[in-house]
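Note sheet for the following structure.
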Amino acid sequence: MTALPQDGDRIALHARDVRFDFSALRTDWIPDEPFASHLIDVLHLLLPEGERWFVEVFSQALPMVRDDALAEDVRGFIGQEAMHASSHQGALDHLGEAGIDVTRYVEQVEWIFGELLGERGLSGDEAREWLVERVGLVAAIEHLTAVLGEWILHSPELDAAGADPQMLDMLRWHGAEEVEHRSVAHDLYVHLDGRYLRRIRAMLVTAPALIRLWASGTAQLCARDPGLRGTPARRARVRDYLRASRRGLVPGPMLFTRAMLSYLNPRFHPANHGDTDAAVAYLAVSPAARAAEAEPSSGTAEPTIDTAAEPTIDTAAEPSRSTATAPTADTAAEPRSSTAAAPSSSTAAEHGGAA
Ligand SMILES: [Fe+2]
Ligand SMILES: [Fe+2]
């Protein structure tokens, strides 16, 4: 088990009990940009099930954590991801109410997270290895969600295009929390195992799978949108993606290329990537986050899964692999996700009009 970088400016991660009403949301919530709207809508198809799986995996890993600060971060992560899942579930339900039937796609996603990546009836060392493998997969996905979070916090083109303010607030609240907790999965993986090749293997599995799921999800949303019936927009094409990315309406391919290259660095640590100031600043002005914080009874949401539950594998023993890499110079220099910083007024102002 590896000691974690210490810092004195940690953010205490907590879930915000946000509420969104999508009942009046247009299917092209970026007006007249159905492709870009649906490409981002794929989040609603993947994340409810995916983030509930994060919560399950981290709840199982929590009893194995021998570092109090990391355990606190893992609890905060679980609470935030549970709230993300339920918020995207609301958006997914709205897509169905709007006549876009993605039942089969969602069933495939449920199979991936529930069966392919679910419990395998293992015990002892095999169960532990499978759990660590899944923590590595979560860490890889979390690097990409942090990159997406960073992008959505700096996407004035969506405001200029007239994107729906409530959907933007949901995406930016989520993106800000992804930036806020971007180091937790990596730190947990390093704490439990930390092997470089395993970390890279997880990303080499994750990235192509996500690209394929994203392309398929976008195509299905466009094909099944009743408002696009009989129009060329019914067919999602690569050139539509390149055009939308050039206009800043969706993340571009270079963003992901740079993200992948940074992950290959043996000294990679999420704290060295991403803008915590922008995340904290947005959360200070987000209408949904502010409303949640203003309600004493609901300002701090509880995780939906009992994290105190007995672990399903033997966690009494020390992790069998304690060969995790020592904190690298750059991780020691930079605090982990919990890098707290007072919101800079300029950043707050920049994002204040976003939602
Ligand atoms: Fe999330
Ligand atoms: Fe996350």
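Labels used: A, B, ... for chains in the order of the structure tokens, numbers from 1 for residues in each chain, and numbers from 1 for ligands as shown.
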(Q) List as an MDAnalysis selection string the protein and nucleic acid residues lying within 10 Å of ligand 1, with only C-alpha atoms and all ligand atoms counted. (A) chainID A and resid 43 47:48 50:52 54 77:85 87:88 141:142 145:146 149 171 173:179 181:182
Q: Name the residues of stretch 60-236 of chain A that come out as helix (DSSP H, G or I) in a backbone DSSP run; write them as a ChimeraX atom specification.
A: /A:60-64,68-97,103-116,124-153,156-160,165-180,184-192,196-224,226-228,232-234
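Reported to one decimal place, the separation of atom CA of A:Ala294 from atom CA of A:Asp17 is 10.3 Å.
Coordinates place atom CA of A:Gly114 at a distance of 26.6 Å from atom CA of A:Arg19.
Of the residues under consideration (A:Val184, A:Met170, A:Ala36, A:Ala12), A:Val184 shows the shortest atom-to-atom contact distance to A:Val74 when counting only C-alpha atoms.
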Q.
From the options A:Pro208, A:Pro34, A:Pro63, A:Gly76, which residue's atoms come nearest to ligand 2, counting only C-alpha atoms and all ligand atoms?
A. A:Gly76
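Compared by their closest atoms to A:Val285, and using only C-alpha atoms, the residues A:Glu129, A:Glu150, A:Asp32, A:Asp169 rank with A:Asp169 nearest.
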**Q.** Residue neighbourhood A:Leu45, 8 Å, only C-alpha atoms, exclusion window fewer than 6 positions, as an NGL selection string
**A.** :A and (88 or 92 or 105-106 or 109 or 217)
Would you write out those residues with N, CA and C atoms, as a compact mmCIF listing (two decimals), in the first residue's frame?
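What ended up in result23.txt:
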# COMPACT_ATOMS: atom_id res chain seq x y z
N HIS A 88 -28.90 12.04 -14.26
CA HIS A 88 -28.92 11.62 -15.67
C HIS A 88 -30.07 10.66 -15.94
N LEU A 92 -32.63 10.76 -19.00
CA LEU A 92 -32.92 9.56 -19.81
C LEU A 92 -34.43 9.31 -19.87
N TYR A 105 -30.65 -0.14 -26.41
CA TYR A 105 -29.30 0.36 -26.12
C TYR A 105 -29.05 0.35 -24.61
N VAL A 106 -30.04 0.84 -23.88
CA VAL A 106 -29.88 0.89 -22.41
C VAL A 106 -29.77 -0.52 -21.84
N VAL A 109 -26.26 -1.50 -22.17
CA VAL A 109 -25.43 -0.84 -21.15
C VAL A 109 -25.61 -1.55 -19.80
N GLY A 217 -24.52 5.13 -29.68
CA GLY A 217 -25.58 5.86 -28.97
C GLY A 217 -26.04 7.09 -29.74
Q) In Å, with one decimal, what is the gap from atom CA of A:Ile152 to atom CA of A:Asp225? A) 24.2 Å
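With only C-alpha atoms as the atoms that count, the minimum distance from A:Tyr282 to the choices A:Arg128, A:Pro31, A:Glu180, A:Leu137 is reached by A:Glu180.
Nearest to A:Ala244 of all the residues A:Leu228, A:Val102, A:Leu131, A:Leu39 is A:Leu39, based on only C-alpha atoms.
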Q | Pick from A:Arg201, A:Arg75, A:His269, A:Arg224 nearest to A:Glu56, counting only C-alpha atoms | A | A:Arg75
Q: Tell me, as a PyMOL selection string, which residues lie within 12 Å of A:Gly252, counting only C-alpha atoms; anything in the same chain fewer than 2 positions away does not count.
A: chain A and resi 36+39+147-148+151-152+155+238+240-250+254-259
Q. If you count only C-alpha atoms, which residues fall within 12 Å of A:Asp28, apart from same-chain ones fewer than 3 positions away, as a ChimeraX atom specification?
A. /A:24-25,31-41,95,98,161-164,167,221-222,225-228,233
